[in-house]
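Content type PDB, C-alpha atoms and all ligand atoms, from the file my_file.pdb:
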```pdb
ATOM      1  CA  MET S  30      50.890  17.233  65.457  1.00  0.00           C
ATOM      2  CA  GLY S  31      48.765  18.346  68.395  1.00  0.00           C
ATOM      3  CA  ARG S  32      47.968  21.571  66.588  1.00  0.00           C
ATOM      4  CA  LEU S  33      46.559  19.674  63.665  1.00  0.00           C
ATOM      5  CA  LEU S  34      44.594  17.161  65.641  1.00  0.00           C
ATOM      6  CA  SER S  35      42.960  19.910  67.649  1.00  0.00           C
ATOM      7  CA  ALA S  36      42.359  21.842  64.433  1.00  0.00           C
ATOM      8  CA  HIS S  37      40.548  18.831  63.032  1.00  0.00           C
ATOM      9  CA  ASN S  38      37.924  19.248  65.684  1.00  0.00           C
ATOM     10  CA  ASP S  39      37.136  22.588  64.098  1.00  0.00           C
ATOM     11  CA  THR S  40      36.254  21.809  60.514  1.00  0.00           C
ATOM     12  CA  THR S  41      35.290  25.415  59.869  1.00  0.00           C
ATOM     13  CA  GLY S  42      38.843  26.446  60.698  1.00  0.00           C
ATOM     14  CA  ILE S  43      40.242  23.887  58.284  1.00  0.00           C
ATOM     15  CA  ARG S  44      38.007  25.101  55.492  1.00  0.00           C
ATOM     16  CA  HIS S  45      39.173  28.623  56.204  1.00  0.00           C
ATOM     17  CA  HIS S  46      42.633  27.478  55.099  1.00  0.00           C
ATOM     18  CA  GLY S  47      41.205  26.314  51.776  1.00  0.00           C
ATOM     19  CA  LEU S  48      41.955  22.630  52.255  1.00  0.00           C
ATOM     20  CA  VAL S  49      40.238  20.735  49.496  1.00  0.00           C
ATOM     21  CA  ILE S  50      39.982  17.354  51.121  1.00  0.00           C
ATOM     22  CA  ILE S  51      39.241  18.107  54.755  1.00  0.00           C
ATOM     23  CA  THR S  52      35.524  18.709  55.149  1.00  0.00           C
ATOM     24  CA  PRO S  53      33.078  17.135  57.565  1.00  0.00           C
ATOM     25  CA  THR S  54      32.504  14.473  54.892  1.00  0.00           C
ATOM     26  CA  SER S  55      36.155  13.703  54.460  1.00  0.00           C
ATOM     27  CA  LEU S  56      36.758  13.649  58.199  1.00  0.00           C
ATOM     28  CA  GLY S  57      34.138  10.932  58.211  1.00  0.00           C
ATOM     29  CA  ARG S  58      36.063   9.273  55.427  1.00  0.00           C
ATOM     30  CA  ILE S  59      39.208   9.230  57.522  1.00  0.00           C
ATOM     31  CA  ASP S  60      37.353   7.843  60.509  1.00  0.00           C
ATOM     32  CA  LEU S  61      35.500   5.234  58.517  1.00  0.00           C
ATOM     33  CA  ASN S  62      38.425   4.298  56.281  1.00  0.00           C
ATOM     34  CA  GLN S  63      36.240   4.219  53.238  1.00  0.00           C
ATOM     35  CA  ARG S  64      37.489   4.213  49.665  1.00  0.00           C
ATOM     36  CA  SER S  65      37.949   7.694  48.307  1.00  0.00           C
ATOM     37  CA  SER S  66      36.827   7.794  44.696  1.00  0.00           C
ATOM     38  CA  SER S  67      33.089   8.338  45.102  1.00  0.00           C
ATOM     39  CA  GLN S  68      33.604  10.766  47.966  1.00  0.00           C
ATOM     40  CA  ILE S  69      36.260  12.674  46.102  1.00  0.00           C
ATOM     41  CA  ASN S  70      33.838  12.999  43.206  1.00  0.00           C
ATOM     42  CA  ARG S  71      31.184  14.300  45.556  1.00  0.00           C
ATOM     43  CA  LEU S  72      33.643  16.770  47.030  1.00  0.00           C
ATOM     44  CA  LYS S  73      34.592  18.014  43.582  1.00  0.00           C
ATOM     45  CA  ILE S  74      30.994  18.816  42.782  1.00  0.00           C
ATOM     46  CA  GLY S  75      30.904  21.249  45.675  1.00  0.00           C
ATOM     47  CA  MET S  76      34.307  22.817  45.066  1.00  0.00           C
ATOM     48  CA  GLN S  77      34.840  26.410  44.126  1.00  0.00           C
ATOM     49  CA  PRO S  78      36.512  26.976  40.707  1.00  0.00           C
ATOM     50  CA  ALA S  79      39.945  27.631  42.228  1.00  0.00           C
ATOM     51  CA  MET S  80      39.747  24.391  44.160  1.00  0.00           C
ATOM     52  CA  LYS S  81      38.733  22.416  41.079  1.00  0.00           C
ATOM     53  CA  GLU S  82      41.848  23.623  39.338  1.00  0.00           C
ATOM     54  CA  ARG S  83      43.951  22.124  42.078  1.00  0.00           C
ATOM     55  CA  HIS S  84      42.542  18.707  41.369  1.00  0.00           C
ATOM     56  CA  LEU S  85      42.191  18.506  37.629  1.00  0.00           C
ATOM     57  CA  PRO S  86      45.683  17.714  36.313  1.00  0.00           C
ATOM     58  CA  LEU S  87      46.134  14.429  38.122  1.00  0.00           C
ATOM     59  CA  GLN S  88      42.955  12.562  37.224  1.00  0.00           C
ATOM     60  CA  GLU S  89      44.357  10.262  34.559  1.00  0.00           C
ATOM     61  CA  HIS S  90      47.665   9.996  36.356  1.00  0.00           C
ATOM     62  CA  ALA S  91      45.955   9.025  39.612  1.00  0.00           C
ATOM     63  CA  MET S  92      43.846   6.371  37.955  1.00  0.00           C
ATOM     64  CA  THR S  93      46.933   4.679  36.534  1.00  0.00           C
ATOM     65  CA  LEU S  94      48.909   4.980  39.738  1.00  0.00           C
ATOM     66  CA  SER S  95      46.059   3.695  41.885  1.00  0.00           C
ATOM     67  CA  GLU S  96      46.833   0.235  40.481  1.00  0.00           C
ATOM     68  CA  ARG S  97      50.143   0.253  42.333  1.00  0.00           C
ATOM     69  CA  SER S  98      50.761  -0.950  45.878  1.00  0.00           C
ATOM     70  CA  PRO S  99      51.466   1.626  48.615  1.00  0.00           C
ATOM     71  CA  SER S 100      55.113   0.595  48.612  1.00  0.00           C
ATOM     72  CA  GLU S 101      55.414   1.075  44.848  1.00  0.00           C
ATOM     73  CA  LEU S 102      53.641   4.425  45.083  1.00  0.00           C
ATOM     74  CA  ILE S 103      56.063   5.615  47.747  1.00  0.00           C
ATOM     75  CA  ASP S 104      59.060   4.680  45.600  1.00  0.00           C
ATOM     76  CA  HIS S 105      57.501   6.564  42.691  1.00  0.00           C
ATOM     77  CA  ILE S 106      56.787   9.659  44.829  1.00  0.00           C
ATOM     78  CA  LEU S 107      60.341   9.744  46.162  1.00  0.00           C
ATOM     79  CA  ALA S 108      61.901   9.541  42.701  1.00  0.00           C
ATOM     80  CA  ARG S 109      59.407  11.610  40.703  1.00  0.00           C
ATOM     81  CA  TYR S 110      58.589  14.347  43.204  1.00  0.00           C
ATOM     82  CA  HIS S 111      60.795  14.555  46.316  1.00  0.00           C
ATOM     83  CA  ALA S 112      64.049  14.287  44.371  1.00  0.00           C
ATOM     84  CA  ILE S 113      62.813  16.666  41.661  1.00  0.00           C
ATOM     85  CA  HIS S 114      61.625  19.349  44.103  1.00  0.00           C
ATOM     86  CA  ARG S 115      65.082  19.262  45.701  1.00  0.00           C
ATOM     87  CA  GLN S 116      66.554  20.143  42.314  1.00  0.00           C
ATOM     88  CA  GLN S 117      63.894  22.690  41.342  1.00  0.00           C
ATOM     89  CA  LEU S 118      63.712  24.977  44.354  1.00  0.00           C
ATOM     90  CA  PRO S 119      67.377  26.013  44.805  1.00  0.00           C
ATOM     91  CA  GLU S 120      67.549  26.976  41.126  1.00  0.00           C
ATOM     92  CA  LEU S 121      64.237  28.871  41.272  1.00  0.00           C
ATOM     93  CA  ILE S 122      65.432  30.775  44.346  1.00  0.00           C
ATOM     94  CA  ARG S 123      68.673  31.675  42.542  1.00  0.00           C
ATOM     95  CA  LEU S 124      66.765  32.927  39.486  1.00  0.00           C
ATOM     96  CA  ALA S 125      64.283  34.885  41.620  1.00  0.00           C
ATOM     97  CA  ARG S 126      67.113  36.642  43.500  1.00  0.00           C
ATOM     98  CA  ARG S 127      68.715  37.605  40.217  1.00  0.00           C
ATOM     99  CA  VAL S 128      65.494  38.948  38.702  1.00  0.00           C
ATOM    100  CA  GLU S 129      64.709  40.945  41.834  1.00  0.00           C
ATOM    101  CA  GLN S 130      68.208  42.463  41.893  1.00  0.00           C
ATOM    102  CA  VAL S 131      68.438  43.308  38.201  1.00  0.00           C
ATOM    103  CA  HIS S 132      64.859  44.512  37.683  1.00  0.00           C
ATOM    104  CA  ASP S 133      64.279  46.214  41.007  1.00  0.00           C
ATOM    105  CA  THR S 134      62.840  49.316  39.339  1.00  0.00           C
ATOM    106  CA  HIS S 135      60.518  47.445  36.959  1.00  0.00           C
ATOM    107  CA  VAL S 136      56.858  47.911  37.847  1.00  0.00           C
ATOM    108  CA  GLN S 137      56.195  44.182  37.502  1.00  0.00           C
ATOM    109  CA  CYS S 138      59.268  43.031  39.461  1.00  0.00           C
ATOM    110  CA  PRO S 139      58.201  40.101  41.717  1.00  0.00           C
ATOM    111  CA  ARG S 140      59.467  41.713  44.921  1.00  0.00           C
ATOM    112  CA  GLY S 141      59.719  39.301  47.837  1.00  0.00           C
ATOM    113  CA  LEU S 142      59.511  36.213  45.636  1.00  0.00           C
ATOM    114  CA  ALA S 143      62.979  34.872  46.485  1.00  0.00           C
ATOM    115  CA  ASP S 144      62.347  35.143  50.231  1.00  0.00           C
ATOM    116  CA  HIS S 145      58.950  33.514  49.814  1.00  0.00           C
ATOM    117  CA  LEU S 146      60.483  30.635  47.848  1.00  0.00           C
ATOM    118  CA  GLU S 147      63.145  30.232  50.562  1.00  0.00           C
ATOM    119  CA  GLU S 148      60.373  29.792  53.131  1.00  0.00           C
ATOM    120  CA  LEU S 149      58.506  27.362  50.903  1.00  0.00           C
ATOM    121  CA  HIS S 150      61.719  25.424  50.340  1.00  0.00           C
ATOM    122  CA  GLN S 151      62.312  25.057  54.085  1.00  0.00           C
ATOM    123  CA  ALA S 152      58.710  24.068  54.774  1.00  0.00           C
ATOM    124  CA  LEU S 153      58.643  21.552  51.931  1.00  0.00           C
ATOM    125  CA  GLU S 154      61.999  20.053  52.909  1.00  0.00           C
ATOM    126  CA  SER S 155      60.822  19.619  56.496  1.00  0.00           C
ATOM    127  CA  HIS S 156      57.573  18.066  55.261  1.00  0.00           C
ATOM    128  CA  MET S 157      59.310  15.631  52.915  1.00  0.00           C
ATOM    129  CA  GLN S 158      61.738  14.598  55.649  1.00  0.00           C
ATOM    130  CA  LYS S 159      58.814  13.757  57.932  1.00  0.00           C
ATOM    131  CA  GLU S 160      57.260  11.644  55.201  1.00  0.00           C
ATOM    132  CA  GLU S 161      60.547   9.898  54.485  1.00  0.00           C
ATOM    133  CA  SER S 162      61.537   9.239  58.106  1.00  0.00           C
ATOM    134  CA  VAL S 163      58.166   8.581  59.757  1.00  0.00           C
ATOM    135  CA  LEU S 164      55.129   8.184  57.541  1.00  0.00           C
ATOM    136  CA  PHE S 165      56.393   6.285  54.507  1.00  0.00           C
ATOM    137  CA  PRO S 166      58.291   3.615  56.520  1.00  0.00           C
ATOM    138  CA  ARG S 167      55.173   3.177  58.639  1.00  0.00           C
ATOM    139  CA  ILE S 168      52.944   2.703  55.582  1.00  0.00           C
ATOM    140  CA  LYS S 169      55.438   0.276  54.054  1.00  0.00           C
ATOM    141  CA  ARG S 170      55.380  -1.960  57.117  1.00  0.00           C
ATOM    142  CA  GLY S 171      51.585  -1.688  57.495  1.00  0.00           C
ATOM    143  CA  GLY S 172      51.661   0.239  60.775  1.00  0.00           C
ATOM    144  CA  THR S 173      49.296   2.868  62.145  1.00  0.00           C
ATOM    145  CA  ALA S 174      49.466   5.931  59.932  1.00  0.00           C
ATOM    146  CA  ARG S 175      46.299   7.888  60.642  1.00  0.00           C
ATOM    147  CA  GLY S 176      47.907  10.565  62.841  1.00  0.00           C
ATOM    148  CA  PRO S 177      50.853  11.395  60.551  1.00  0.00           C
ATOM    149  CA  ILE S 178      48.528  11.364  57.527  1.00  0.00           C
ATOM    150  CA  ALA S 179      46.329  14.009  59.152  1.00  0.00           C
ATOM    151  CA  VAL S 180      49.391  16.174  59.783  1.00  0.00           C
ATOM    152  CA  MET S 181      50.653  15.753  56.221  1.00  0.00           C
ATOM    153  CA  ARG S 182      47.245  16.680  54.779  1.00  0.00           C
ATOM    154  CA  PHE S 183      47.283  19.862  56.834  1.00  0.00           C
ATOM    155  CA  GLU S 184      50.787  20.748  55.664  1.00  0.00           C
ATOM    156  CA  HIS S 185      49.724  20.125  52.056  1.00  0.00           C
ATOM    157  CA  ASP S 186      47.115  22.804  52.550  1.00  0.00           C
ATOM    158  CA  GLU S 187      49.819  25.180  53.745  1.00  0.00           C
ATOM    159  CA  HIS S 188      51.828  24.383  50.603  1.00  0.00           C
ATOM    160  CA  HIS S 189      48.761  25.214  48.498  1.00  0.00           C
ATOM    161  CA  GLU S 190      48.559  28.578  50.210  1.00  0.00           C
ATOM    162  CA  ALA S 191      52.257  29.182  49.524  1.00  0.00           C
ATOM    163  CA  LEU S 192      51.691  28.366  45.835  1.00  0.00           C
ATOM    164  CA  ASP S 193      48.770  30.783  45.762  1.00  0.00           C
ATOM    165  CA  GLN S 194      51.098  33.478  47.104  1.00  0.00           C
ATOM    166  CA  VAL S 195      53.582  32.708  44.301  1.00  0.00           C
ATOM    167  CA  MET S 196      50.789  33.445  41.841  1.00  0.00           C
ATOM    168  CA  VAL S 197      50.053  36.757  43.547  1.00  0.00           C
ATOM    169  CA  LEU S 198      53.713  37.843  43.595  1.00  0.00           C
ATOM    170  CA  THR S 199      54.222  36.914  39.930  1.00  0.00           C
ATOM    171  CA  ARG S 200      50.872  38.204  38.613  1.00  0.00           C
ATOM    172  CA  ASP S 201      49.840  34.663  37.700  1.00  0.00           C
ATOM    173  CA  LEU S 202      53.273  33.900  36.238  1.00  0.00           C
ATOM    174  CA  GLN S 203      52.777  36.366  33.412  1.00  0.00           C
ATOM    175  CA  ALA S 204      56.149  37.799  32.451  1.00  0.00           C
ATOM    176  CA  PRO S 205      56.101  41.337  31.038  1.00  0.00           C
ATOM    177  CA  ALA S 206      56.652  41.840  27.314  1.00  0.00           C
ATOM    178  CA  ASP S 207      60.163  43.189  27.958  1.00  0.00           C
ATOM    179  CA  ALA S 208      61.178  40.382  30.340  1.00  0.00           C
ATOM    180  CA  CYS S 209      64.719  39.059  29.940  1.00  0.00           C
ATOM    181  CA  THR S 210      65.625  35.395  29.440  1.00  0.00           C
ATOM    182  CA  THR S 211      66.220  34.846  33.165  1.00  0.00           C
ATOM    183  CA  TRP S 212      62.835  36.270  34.079  1.00  0.00           C
ATOM    184  CA  ARG S 213      61.087  34.021  31.548  1.00  0.00           C
ATOM    185  CA  ALA S 214      63.092  30.999  32.694  1.00  0.00           C
ATOM    186  CA  LEU S 215      62.058  31.746  36.285  1.00  0.00           C
ATOM    187  CA  TYR S 216      58.357  31.821  35.460  1.00  0.00           C
ATOM    188  CA  ASP S 217      58.580  28.728  33.221  1.00  0.00           C
ATOM    189  CA  GLY S 218      60.354  26.899  36.049  1.00  0.00           C
ATOM    190  CA  LEU S 219      57.802  28.049  38.612  1.00  0.00           C
ATOM    191  CA  ARG S 220      54.979  26.864  36.371  1.00  0.00           C
ATOM    192  CA  GLU S 221      56.547  23.408  36.154  1.00  0.00           C
ATOM    193  CA  PHE S 222      57.289  23.297  39.895  1.00  0.00           C
ATOM    194  CA  ARG S 223      53.723  24.314  40.737  1.00  0.00           C
ATOM    195  CA  GLU S 224      52.240  21.588  38.541  1.00  0.00           C
ATOM    196  CA  ASP S 225      54.599  19.017  40.027  1.00  0.00           C
ATOM    197  CA  LEU S 226      53.827  19.988  43.606  1.00  0.00           C
ATOM    198  CA  VAL S 227      50.057  20.002  43.034  1.00  0.00           C
ATOM    199  CA  GLN S 228      50.245  16.535  41.437  1.00  0.00           C
ATOM    200  CA  HIS S 229      52.560  15.316  44.200  1.00  0.00           C
ATOM    201  CA  MET S 230      50.159  16.377  46.949  1.00  0.00           C
ATOM    202  CA  GLN S 231      47.122  15.070  45.122  1.00  0.00           C
ATOM    203  CA  LEU S 232      48.753  11.694  44.602  1.00  0.00           C
ATOM    204  CA  GLU S 233      49.491  11.472  48.319  1.00  0.00           C
ATOM    205  CA  ASN S 234      46.130  12.803  49.528  1.00  0.00           C
ATOM    206  CA  ASP S 235      43.861  10.947  47.140  1.00  0.00           C
ATOM    207  CA  VAL S 236      45.710   7.731  46.395  1.00  0.00           C
ATOM    208  CA  LEU S 237      48.535   6.817  48.787  1.00  0.00           C
ATOM    209  CA  PHE S 238      46.960   8.039  52.019  1.00  0.00           C
ATOM    210  CA  GLU S 239      43.621   6.508  51.117  1.00  0.00           C
ATOM    211  CA  GLN S 240      45.275   3.157  50.427  1.00  0.00           C
ATOM    212  CA  ALA S 241      47.166   3.372  53.724  1.00  0.00           C
ATOM    213  CA  LEU S 242      43.976   4.073  55.676  1.00  0.00           C
ATOM    214  CA  VAL S 243      42.179   1.169  54.037  1.00  0.00           C
ATOM    215  CA  GLN S 244      45.169  -1.066  54.785  1.00  0.00           C
ATOM    216  CA  GLU S 245      45.135   0.114  58.401  1.00  0.00           C
ATOM    217  CA  ALA S 246      41.402  -0.573  58.741  1.00  0.00           C
ATOM    218  CA  ARG S 247      41.838  -4.120  57.394  1.00  0.00           C
ATOM    219  CA  HIS S 248      44.633  -4.945  59.804  1.00  0.00           C
ATOM    220  CA  GLY S 249      43.531  -2.836  62.742  1.00  0.00           C
TER     221      GLY S 249
HETATM  222 FE    FE X   1      55.652  13.834  49.547  1.00  0.00          FE
HETATM  223 FE    FE X   2      53.379  15.364  51.237  1.00  0.00          FE
END
```

Take the structure in the file and give it back as structure tokens.
Amino acid sequence: MGRLLSAHNDTTGIRHHGLVIITPTSLGRIDLNQRSSSQINRLKIGMQPAMKERHLPLQEHAMTLSERSPSELIDHILARYHAIHRQQLPELIRLARRVEQVHDTHVQCPRGLADHLEELHQALESHMQKEESVLFPRIKRGGTARGPIAVMRFEHDEHHEALDQVMVLTRDLQAPADACTTWRALYDGLREFREDLVQHMQLENDVLFEQALVQEARHG
């Protein structure tokens, strides 16, 4: 946590990691506990194309979900994303190992993908456990959540970087023309997992965490 909080004093360093939300403006947003929508829109205007892509899929979804209370949102996130990721990643790792073993000599073999997914799995599991044991209970009871939220936002950025590396290793999830069924299933599964994880993080960053900060400001 200390690493993040000190990192927040260096906004240039945060931007270096490609974090979409953390900019000098959004740091002000966290401090001032303002509503996010207008600021998020302003941030989007200045985003690079790759960053825009990270934020597009959830727009309609987020608008619907923003009607829910923080407690309802948390229940939705646990069922729709945390539980699903725990099913997705072990199977994707298994498929990646198989593809790497069988197609070792293929020029487009995604070498190192299984190990990379193992690391992502461990990081994501650790992150979700922190949300489940510390942050979400705190939000549900209306306690102070600003510190853990800052840490979670930073870890989301690390997950984005891990997803970017998946795209590099898989050549943007484009299976070769002669790919077997397992290889195609792996890339289809990774595509679905990536979309889920991006939506999951966006829902937390832009809706749940914003609601929690507003709630904290009202009661603090
Ligand atoms: Fe989460
Ligand atoms: Fe998260």

All residues having an atom within 10 Å of ligand FE 1 (chain X) (all atoms listed in the file) as a list in words: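 Checked against 10 Å with all atoms listed in the file; the hits are Ile103, Ile106, Leu107, Arg109, Tyr110, His111, Ala112, His114, Leu153, Glu154, His156, Met157, Gln158, Lys159, Glu160, Glu161, Leu164, Phe165, Met181, His185, Leu226, His229, Met230, Gln231, Leu232, Glu233 and Asn234 of chain S.
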
Report as a CSV table (one decimal) with C-alpha atoms, in the frame of the given file the residues that result from applying the PyMOL selection byres (((chain S and resi 144) around 12) and not hetatm) to the structure here.
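That gives us expr14.csv:
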```
chain,number,residue,atom,x,y,z
S,118,LEU,CA,63.7,25.0,44.4
S,119,PRO,CA,67.4,26.0,44.8
S,121,LEU,CA,64.2,28.9,41.3
S,122,ILE,CA,65.4,30.8,44.3
S,123,ARG,CA,68.7,31.7,42.5
S,124,LEU,CA,66.8,32.9,39.5
S,125,ALA,CA,64.3,34.9,41.6
S,126,ARG,CA,67.1,36.6,43.5
S,129,GLU,CA,64.7,40.9,41.8
S,139,PRO,CA,58.2,40.1,41.7
S,140,ARG,CA,59.5,41.7,44.9
S,141,GLY,CA,59.7,39.3,47.8
S,142,LEU,CA,59.5,36.2,45.6
S,143,ALA,CA,63.0,34.9,46.5
S,145,HIS,CA,59.0,33.5,49.8
S,146,LEU,CA,60.5,30.6,47.8
S,147,GLU,CA,63.1,30.2,50.6
S,148,GLU,CA,60.4,29.8,53.1
S,149,LEU,CA,58.5,27.4,50.9
S,150,HIS,CA,61.7,25.4,50.3
S,151,GLN,CA,62.3,25.1,54.1
S,191,ALA,CA,52.3,29.2,49.5
S,194,GLN,CA,51.1,33.5,47.1
S,195,VAL,CA,53.6,32.7,44.3
S,198,LEU,CA,53.7,37.8,43.6
```

Selection result for the PyMOL selection byres (((chain S and resi 174) around 12) and not hetatm) on this file, as a PyMOL selection string: chain S and resi 59+62+160+163-173+175-181+237-246+248-249

Selection near Ala204 (chain S), 8 Å with all atoms listed in the file, sequence-local residues under 5 positions removed, as a list in words: Thr199, Trp212, Arg213 and Tyr216 of chain S

Selected residue, from S:Phe222, S:Gln203, S:Asp193, S:Ala152, that lies nearest to ligand FE 2 (chain X) when counting only C-alpha atoms and all ligand atoms: S:Ala152

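The interatomic distance for the pair CA of Glu96 (chain S) and CA of Gln117 (chain S) works out to 28.2 Å.
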
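Comparing the minimum interatomic distances between Arg200 (chain S) and each of S:Val136, S:Gln228, S:Glu221, S:Ser155, counting all atoms listed in the file, we find that S:Val136 sits nearest.
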
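Of the residues under consideration (S:Arg220, S:His189, S:Arg247, S:Arg182), S:Arg182 shows the shortest atom-to-atom contact distance to ligand FE 2 (chain X) when counting all atoms listed in the file.
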
Nearest to ligand FE 2 (chain X), chosen from S:Glu187, S:Thr210, S:Cys138, S:Pro205, with only C-alpha atoms and all ligand atoms counted in the distances: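 Using only C-alpha atoms and all ligand atoms, the shortest distance to ligand FE 2 (chain X) belongs to S:Glu187.
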
Gap from CA of Asp207 (chain S) to CA of Gln130 (chain S) - Å, one decimal: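 Distance reported for this atom pair: 16.1 Å.
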
Separation of CA of Arg115 (chain S) from CA of Glu224 (chain S), in Å and rounded to one decimal: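 Spanning CA of Arg115 (chain S) to CA of Glu224 (chain S) is a straight-line distance of 14.9 Å.
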
Proximity to ligand FE 2 (chain X) - best of S:Leu219, S:Cys209, S:Ser162, S:Glu184, all atoms listed in the file: S:Glu184

Proximity to ligand FE 2 (chain X) - best of S:Arg97, S:His188, S:His105, S:His135, all atoms listed in the file: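 Comparing S:Arg97, S:His188, S:His105, S:His135 against ligand FE 2 (chain X), the winner is S:His188.
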
How big is the axis-aligned box around all listed atoms of region 123-132 of chain S once 5 Å goes on each side, and where's its centre, in Å to one decimal, as JSON?
```
{"center_x": 66.5, "center_y": 38.1, "center_z": 40.6, "size_x": 14.4, "size_y": 22.8, "size_z": 15.8}
```
